[in-house]
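What follows is the content of target-v4.txt (compact mmCIF, C-alpha atoms).
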```txt
# COMPACT_ATOMS: atom_id res chain seq x y z
CA MET A 109 0.00 0.00 0.00
CA ARG A 110 1.43 3.33 -1.02
CA ILE A 111 1.32 6.38 1.22
CA TYR A 112 -1.91 8.39 1.44
CA PRO A 113 -1.94 12.13 2.29
CA ASP A 114 -3.50 11.20 5.64
CA CYS A 115 -0.39 9.13 6.44
CA ILE A 116 1.77 12.26 6.73
CA PRO A 117 0.42 13.59 10.06
CA CYS A 118 0.50 10.04 11.39
CA LEU A 119 4.18 9.73 10.48
CA LEU A 120 4.90 13.06 12.19
CA LYS A 121 3.07 11.88 15.31
CA PHE A 122 5.12 8.68 15.24
CA THR A 123 8.30 10.76 14.93
CA LEU A 124 7.54 12.92 17.95
CA ASN A 125 6.36 10.00 20.09
CA ALA A 126 9.46 7.96 19.35
CA ALA A 127 11.82 10.92 19.72
CA LYS A 128 10.32 11.93 23.09
CA LYS A 129 10.86 8.39 24.35
CA ALA A 130 14.56 8.84 23.60
CA THR A 131 15.25 12.48 24.53
CA GLN A 132 13.78 15.56 26.20
CA ASP A 133 16.26 17.93 24.54
CA THR A 134 14.08 20.53 22.80
CA ASP A 135 16.72 21.49 20.25
CA LEU A 136 17.28 17.85 19.34
CA LEU A 137 13.53 17.28 19.04
CA ARG A 138 13.32 20.22 16.63
CA GLU A 139 16.20 18.80 14.61
CA ILE A 140 14.56 15.36 14.48
CA SER A 141 11.21 16.87 13.46
CA LEU A 142 12.75 18.83 10.59
CA GLU A 143 14.75 15.83 9.42
CA SER A 144 11.63 13.65 9.45
CA LEU A 145 9.92 16.17 7.14
CA ARG A 146 12.89 15.95 4.76
CA ILE A 147 12.65 12.15 4.84
CA ILE A 148 8.92 12.21 4.06
CA LEU A 149 9.44 14.66 1.20
CA GLY A 150 12.32 12.57 -0.11
CA HIS A 151 10.24 9.41 -0.29
CA GLY A 152 7.21 11.09 -1.84
CA PHE A 153 3.96 9.24 -2.51
CA THR A 154 5.50 6.14 -4.10
CA ALA A 155 6.73 4.61 -0.83
CA MET A 156 4.90 2.42 1.65
CA PRO A 157 4.32 4.09 5.05
CA PRO A 158 6.48 1.52 6.92
CA GLN A 159 9.42 2.27 4.60
CA ILE A 160 9.29 5.92 5.63
CA ALA A 161 8.81 5.04 9.31
CA GLN A 162 11.83 2.75 9.13
CA THR A 163 14.04 5.52 7.74
CA ILE A 164 12.79 7.96 10.39
CA ASN A 165 13.33 5.43 13.17
CA ARG A 166 16.92 4.80 12.08
CA MET A 167 17.53 8.55 12.02
CA ILE A 168 16.18 8.90 15.58
CA LYS A 169 18.46 6.11 16.78
CA VAL A 170 21.50 7.83 15.27
CA LYS A 171 20.68 11.28 16.62
CA THR A 172 19.76 10.17 20.15
CA GLY A 173 22.01 7.14 20.58
CA ILE A 174 19.01 5.19 21.94
CA ASN A 175 18.47 1.88 20.14
CA ASP A 176 15.13 0.88 21.66
CA PRO A 177 13.18 3.87 23.05
CA TYR A 178 10.02 1.78 23.50
CA ARG A 179 11.70 -0.99 25.54
CA LYS A 180 10.09 0.06 28.83
CA ASP A 181 6.67 0.41 27.20
CA LYS A 182 6.96 -3.02 25.58
CA ARG A 183 7.85 -4.72 28.84
CA GLU A 184 4.86 -3.09 30.51
CA ARG A 185 2.54 -4.12 27.67
CA ASN A 186 3.80 -7.70 27.91
CA ARG A 187 3.33 -7.72 31.69
CA LEU A 188 -0.18 -6.33 31.43
CA ALA A 189 -1.17 -8.78 28.71
CA MET A 190 0.26 -11.77 30.60
CA GLN A 191 -1.86 -10.81 33.60
CA MET A 192 -4.84 -11.15 31.26
CA TYR A 193 -3.81 -14.60 30.01
CA PRO A 194 -6.07 -16.68 32.34
CA PHE A 195 -9.00 -14.36 31.59
CA LEU A 196 -8.40 -14.65 27.83
CA LYS A 197 -8.31 -18.44 28.00
CA LYS A 198 -11.50 -18.58 30.07
CA GLU A 199 -13.44 -16.22 27.80
CA ILE A 200 -12.38 -18.05 24.64
CA ARG A 201 -13.04 -21.54 25.97
CA SER A 202 -16.55 -20.56 27.10
CA ALA A 203 -17.46 -19.14 23.68
CA PRO A 204 -19.74 -21.12 21.30
CA ASP A 205 -16.96 -21.13 18.68
CA PRO A 206 -13.62 -20.85 20.55
CA LEU A 207 -11.48 -20.45 17.42
CA ARG A 208 -13.65 -17.65 16.07
CA ALA A 209 -13.56 -16.01 19.51
CA ALA A 210 -9.76 -16.33 19.62
CA LEU A 211 -9.52 -14.68 16.20
CA ARG A 212 -11.65 -11.75 17.35
CA VAL A 213 -9.68 -11.39 20.58
CA ALA A 214 -6.38 -11.46 18.68
CA ALA A 215 -7.66 -8.82 16.26
CA GLY A 216 -8.83 -6.68 19.19
CA GLY A 217 -5.44 -7.14 20.83
CA ASN A 218 -4.03 -5.17 17.92
CA ARG A 219 -5.34 -2.14 19.83
CA MET A 220 -2.37 -2.46 22.24
CA ASP A 221 -0.26 -0.19 20.09
CA SER A 222 1.81 2.54 21.74
CA VAL A 223 2.04 4.48 18.48
CA PHE A 224 -1.74 4.97 18.32
CA LEU A 225 -2.37 5.21 22.06
CA ASP A 226 -2.17 8.45 23.98
CA GLU A 227 -3.45 6.84 27.16
CA ASP A 228 -3.70 3.46 28.83
CA ILE A 229 -6.64 1.30 27.83
CA ASP A 230 -8.87 -1.01 29.83
CA VAL A 231 -7.65 -4.27 28.31
CA ARG A 232 -10.34 -6.41 29.92
CA ALA A 233 -13.08 -4.15 28.54
CA ALA A 234 -11.39 -4.15 25.13
CA VAL A 235 -11.34 -7.97 25.11
CA GLN A 236 -15.01 -8.20 26.01
CA LYS A 237 -15.84 -5.64 23.31
CA SER A 238 -13.91 -7.71 20.74
CA LEU A 239 -15.78 -10.87 21.75
CA ALA A 240 -19.09 -9.08 21.20
CA GLU A 241 -18.11 -7.71 17.77
CA ASN A 242 -18.30 -9.35 14.37
CA PHE A 243 -15.58 -8.96 11.77
CA ALA A 244 -16.41 -6.19 9.31
CA ILE A 245 -14.59 -8.25 6.69
CA ASP A 246 -14.89 -11.90 7.65
CA HIS A 247 -12.91 -14.60 5.87
CA SER A 248 -12.70 -16.85 8.92
CA LYS A 249 -14.40 -19.70 7.05
CA GLU A 250 -11.70 -19.58 4.39
CA LEU A 251 -8.99 -19.54 7.07
CA LYS A 252 -10.46 -22.55 8.84
CA GLU A 253 -10.62 -24.49 5.58
CA ALA A 254 -7.05 -23.55 4.66
CA ILE A 255 -5.67 -24.66 8.02
CA LYS A 256 -7.45 -28.02 7.85
CA THR A 257 -5.29 -29.21 4.97
CA SER A 258 -2.05 -27.47 5.95
CA SER A 259 1.11 -28.59 7.70
CA THR A 260 2.75 -25.17 8.24
CA LEU A 261 1.41 -21.79 9.34
CA LEU A 262 3.60 -18.70 9.26
CA PHE A 263 2.17 -16.13 11.68
CA LEU A 264 3.72 -12.67 11.28
CA GLY A 265 3.36 -10.79 14.57
CA ASP A 266 2.96 -7.10 15.18
CA ASN A 267 3.25 -5.37 18.56
CA ALA A 268 4.51 -6.27 22.00
CA GLY A 269 1.65 -6.88 24.42
CA GLU A 270 -0.71 -8.13 21.76
CA ILE A 271 1.77 -10.97 21.19
CA VAL A 272 0.05 -12.63 24.18
CA PHE A 273 -3.27 -12.50 22.32
CA ASP A 274 -1.51 -14.13 19.36
CA LYS A 275 -0.20 -16.86 21.66
CA VAL A 276 -3.73 -17.65 22.84
CA LEU A 277 -4.92 -17.81 19.22
CA ILE A 278 -2.08 -20.13 18.25
CA GLU A 279 -2.88 -22.39 21.20
CA GLU A 280 -6.48 -22.60 20.02
CA ILE A 281 -5.43 -23.38 16.44
CA ARG A 282 -2.99 -26.06 17.53
CA GLY A 283 -5.54 -27.57 19.89
CA LEU A 284 -7.75 -28.20 16.86
CA HIS A 285 -4.88 -29.11 14.53
CA PRO A 286 -2.02 -30.63 16.56
CA GLN A 287 -0.23 -31.67 13.37
CA LEU A 288 0.20 -28.03 12.33
CA LYS A 289 3.65 -26.50 12.68
CA VAL A 290 3.38 -22.82 13.59
CA ILE A 291 6.24 -20.40 12.97
CA TYR A 292 5.92 -16.98 14.60
CA GLY A 293 7.76 -14.11 12.93
CA VAL A 294 9.11 -11.15 14.92
CA LYS A 295 11.22 -8.14 13.96
CA GLY A 296 14.98 -8.56 13.64
CA SER A 297 15.77 -5.47 15.71
CA PRO A 298 13.80 -2.81 17.63
CA ILE A 299 11.34 -0.66 15.72
CA ILE A 300 8.81 1.36 17.75
CA ASP A 301 6.76 -1.12 19.84
CA ASP A 302 6.89 -4.07 17.44
CA ALA A 303 7.66 -7.46 18.97
CA THR A 304 11.21 -8.84 18.85
CA ARG A 305 12.75 -12.07 20.16
CA ASP A 306 12.96 -10.47 23.61
CA ASP A 307 9.21 -9.96 23.67
CA ALA A 308 8.55 -13.49 22.42
CA ALA A 309 10.74 -14.83 25.23
CA GLU A 310 8.99 -12.67 27.85
CA VAL A 311 5.58 -14.15 27.03
CA GLY A 312 6.68 -17.74 26.36
CA MET A 313 5.82 -17.77 22.67
CA GLU A 314 8.31 -20.60 22.09
CA GLU A 315 6.00 -22.87 24.11
CA VAL A 316 3.53 -22.87 21.22
CA ALA A 317 5.48 -21.89 18.10
CA GLU A 318 8.93 -21.74 16.57
CA VAL A 319 10.07 -18.12 16.78
CA ILE A 320 12.04 -16.59 13.92
CA ALA A 321 13.36 -13.03 13.57
CA ASN A 322 12.85 -11.57 10.10
CA GLY A 323 16.25 -9.87 9.91
CA ASP A 324 14.86 -6.36 9.41
CA ASP A 325 13.69 -3.34 11.41
CA ALA A 326 10.73 -2.10 9.36
CA PRO A 327 7.36 -1.77 11.15
CA GLY A 328 5.93 -4.33 8.77
CA THR A 329 7.39 -7.05 6.55
CA ILE A 330 9.33 -5.71 3.56
CA LEU A 331 10.35 -9.04 2.08
CA THR A 332 13.18 -7.66 -0.04
CA GLN A 333 14.85 -6.49 3.18
CA CYS A 334 14.16 -9.65 5.21
CA SER A 335 16.54 -12.56 5.72
CA ALA A 336 16.73 -15.34 3.14
CA GLU A 337 15.23 -17.66 5.75
CA MET A 338 12.18 -15.46 6.19
CA ARG A 339 11.69 -14.99 2.45
CA ASP A 340 11.87 -18.74 1.94
CA LEU A 341 9.41 -19.42 4.76
CA PHE A 342 7.00 -16.85 3.38
CA GLN A 343 6.90 -18.64 0.04
CA ARG A 344 6.89 -22.22 1.39
CA ALA A 345 4.39 -21.97 4.25
CA ASP A 346 1.01 -23.50 3.47
CA VAL A 347 -0.77 -20.61 5.20
CA VAL A 348 0.49 -17.11 6.04
CA MET A 349 -1.34 -14.91 8.53
CA ALA A 350 -0.09 -11.34 8.93
CA LYS A 351 -1.07 -9.26 11.93
CA GLY A 352 -1.61 -5.51 12.07
CA GLN A 353 -1.62 -2.51 9.76
CA GLY A 354 2.12 -2.45 9.10
CA ASN A 355 2.07 -5.97 7.72
CA PHE A 356 -0.99 -5.13 5.63
CA GLU A 357 0.70 -2.04 4.20
CA THR A 358 3.84 -3.97 3.23
CA LEU A 359 2.39 -7.31 2.08
CA GLU A 360 -0.95 -6.66 0.40
CA GLU A 361 0.72 -6.40 -3.03
CA GLU A 362 2.68 -9.66 -2.71
CA ARG A 363 1.91 -12.39 -5.25
CA ARG A 364 1.11 -15.22 -2.85
CA GLY A 365 -2.20 -15.47 -1.06
CA LEU A 366 -2.37 -14.72 2.66
CA PHE A 367 -4.65 -13.69 5.51
CA PHE A 368 -4.59 -10.32 7.28
CA LEU A 369 -5.83 -9.96 10.86
CA LEU A 370 -6.09 -6.43 12.24
CA GLN A 371 -8.10 -3.65 13.76
CA VAL A 372 -8.50 -0.63 11.47
CA LYS A 373 -6.89 2.35 13.22
CA CYS A 374 -6.67 5.09 10.62
CA SER A 375 -8.57 6.64 7.73
CA ALA A 376 -5.99 5.56 5.13
CA ILE A 377 -6.40 1.85 5.92
CA ALA A 378 -10.17 2.27 6.26
CA GLN A 379 -10.34 3.82 2.79
CA HIS A 380 -7.97 1.29 1.25
CA ILE A 381 -9.61 -1.84 2.65
CA GLY A 382 -13.22 -0.66 2.64
CA ALA A 383 -13.95 -0.62 6.36
CA GLN A 384 -14.43 1.85 9.21
CA ILE A 385 -11.96 3.00 11.85
CA GLY A 386 -12.26 0.60 14.78
CA ASP A 387 -13.46 -2.35 12.69
CA LEU A 388 -12.00 -5.81 13.20
CA VAL A 389 -10.89 -7.38 9.93
CA LEU A 390 -9.95 -10.90 8.88
CA TYR A 391 -9.25 -10.58 5.18
CA ARG A 392 -8.08 -13.25 2.78
CA ARG A 393 -5.95 -11.68 0.07
CA PRO A 394 -6.02 -14.18 -2.85
CA GLY A 395 -2.83 -14.98 -4.67
CA ILE A 396 -1.97 -13.76 -8.14
CA SER A 397 -2.40 -16.42 -10.81
CA GLN A 398 0.87 -17.14 -12.61
CA LYS A 399 -0.90 -18.96 -15.45
CA ARG A 400 -3.43 -16.28 -16.25
CA GLY A 401 -1.07 -13.41 -15.61
CA GLY A 402 -3.91 -11.78 -13.77
CA GLU A 403 -5.21 -11.62 -10.27
CA GLU A 404 -8.19 -13.15 -8.57
CA SER A 405 -10.60 -10.65 -7.09
CA THR A 406 -8.80 -8.93 -4.23
CA SER A 407 -11.56 -6.59 -3.17
CA PRO A 408 -12.51 -7.27 0.44
CA HIS A 409 -16.20 -7.87 0.99
CA ARG A 410 -17.97 -7.12 4.20
CA GLY A 411 -19.37 -10.18 5.94
```
Re-express the file's structure as structure tokens.
Amino acid sequence: MRIYPDCIPCLLKFTLNAAKKATQDTDLLREISLESLRIILGHGFTAMPPQIAQTINRMIKVKTGINDPYRKDKRERNRLAMQMYPFLKKEIRSAPDPLRAALRVAAGGNRMDSVFLDEDIDVRAAVQKSLAENFAIDHSKELKEAIKTSSTLLFLGDNAGEIVFDKVLIEEIRGLHPQLKVIYGVKGSPIIDDATRDDAAEVGMEEVAEVIANGDDAPGTILTQCSAEMRDLFQRADVVMAKGQGNFETLEEERRGLFFLLQVKCSAIAQHIGAQIGDLVLYRRPGISQKRGGEESTSPHRG
């Protein structure tokens, strides 16, 4: 997905939030703000938003000397989410369709995003709200059918904190399909509040999935910048599920089919995918046919 005009203020907000985590020096914050504007202008409207955010994040690291300004926030998100783990399990297991409930909870967990949050949220209330909501775009039936006949699932994670919600979802999937090998992808190095190996270790993700770092620091999955191992896994996995807006922005033009699980948080994504801000989305993006040289219908439909 290429940058929309509405992405520009969001990128500036991201810049200030990240910079203020690393420094309180007003002159340095001014310098970082001006440099971020130059970066945005330099990329223009042909870049994907996560490409620009990656360049800005690297600039902030260089200017402040702080490699992971969100580390404290991520630990707190992980701690808070782990406290919710027994509650999540109980709510999902008591649902009429536990897998569908786990999918909704995992999508709602995408709300635990420090970039979009200006205040703490009531996680328990957010979970209960997610359980009561339907997906605005609902391809859960297609996902269930795909998993039935698969041996490998590549699950591309998004933020710290919500990684616990992903763990609960993976547990539910593997409970139904114990033969399925699940590989959970995290970022190769710190980028805003995205999950890394450290976060996966903090929440015990390796108890339910093989954890692999993608070798890159973009807030999404830019395959050309990922490790050869990640690129190979992306092509070979029977099913790929990508979590969050950053993964949608960077992968929705890829040739292979995959599933996107997210909560819509901004007007650009809402416009692009055909949903409303706040909607939960489970969208199957069909693959591009090599034989026909064309593409199956990729327009999401509301279900």
*So which residues fall inside 12 Å of (20.6, 10.0, 21.1) if we count only C-alpha atoms? Mind giving them as a list in words?*
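Final list of nearby residues, as requested, is Ala126, Ala127, Lys128, Lys129, Ala130, Thr131, Gln132, Asp133, Leu136, Leu137, Glu139, Ile140, Asn165, Arg166, Met167, Ile168, Lys169, Val170, Lys171, Thr172, Gly173, Ile174, Asn175, Asp176 and Pro177 of chain A.
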How close does each residue of region 155-218 of chain A get to region 326-341 of chain A, giving the shortest atom pair and distance in Å to one decimal for every residue with an atom at most 12 Å away, counting only C-alpha atoms, sorted by chain and residue number, as JSON lines?
```
{"residue": "A:Ala155", "atom": "CA", "partner": "A:Ile330", "partner_atom": "CA", "distance": 11.5}
{"residue": "A:Met156", "atom": "CA", "partner": "A:Ile330", "partner_atom": "CA", "distance": 9.5}
{"residue": "A:Pro157", "atom": "CA", "partner": "A:Pro327", "partner_atom": "CA", "distance": 9.0}
{"residue": "A:Pro158", "atom": "CA", "partner": "A:Pro327", "partner_atom": "CA", "distance": 5.4}
{"residue": "A:Gln159", "atom": "CA", "partner": "A:Ala326", "partner_atom": "CA", "distance": 6.6}
{"residue": "A:Ile160", "atom": "CA", "partner": "A:Ala326", "partner_atom": "CA", "distance": 9.0}
{"residue": "A:Ala161", "atom": "CA", "partner": "A:Pro327", "partner_atom": "CA", "distance": 7.2}
{"residue": "A:Gln162", "atom": "CA", "partner": "A:Ala326", "partner_atom": "CA", "distance": 5.0}
{"residue": "A:Thr163", "atom": "CA", "partner": "A:Ala326", "partner_atom": "CA", "distance": 8.5}
{"residue": "A:Ile164", "atom": "CA", "partner": "A:Ala326", "partner_atom": "CA", "distance": 10.3}
{"residue": "A:Asn165", "atom": "CA", "partner": "A:Ala326", "partner_atom": "CA", "distance": 8.8}
{"residue": "A:Arg166", "atom": "CA", "partner": "A:Ala326", "partner_atom": "CA", "distance": 9.7}
```
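Here CA of Asn242 (chain A) and CA of Phe195 (chain A) stand 20.2 Å from one another.
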_Length of the CA of Ala233 (chain A) to CA of Ala189 (chain A) vector [Å]_ =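 Spanning CA of Ala233 (chain A) to CA of Ala189 (chain A) is a straight-line distance of 12.8 Å.
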*asked:* Please determine, counting only C-alpha atoms, which residue among A:Ala214, A:Ile396, A:Ala268, A:Leu284 has the shortest atom-to-atom distance to Phe368 (chain A).
replied: A:Ala214
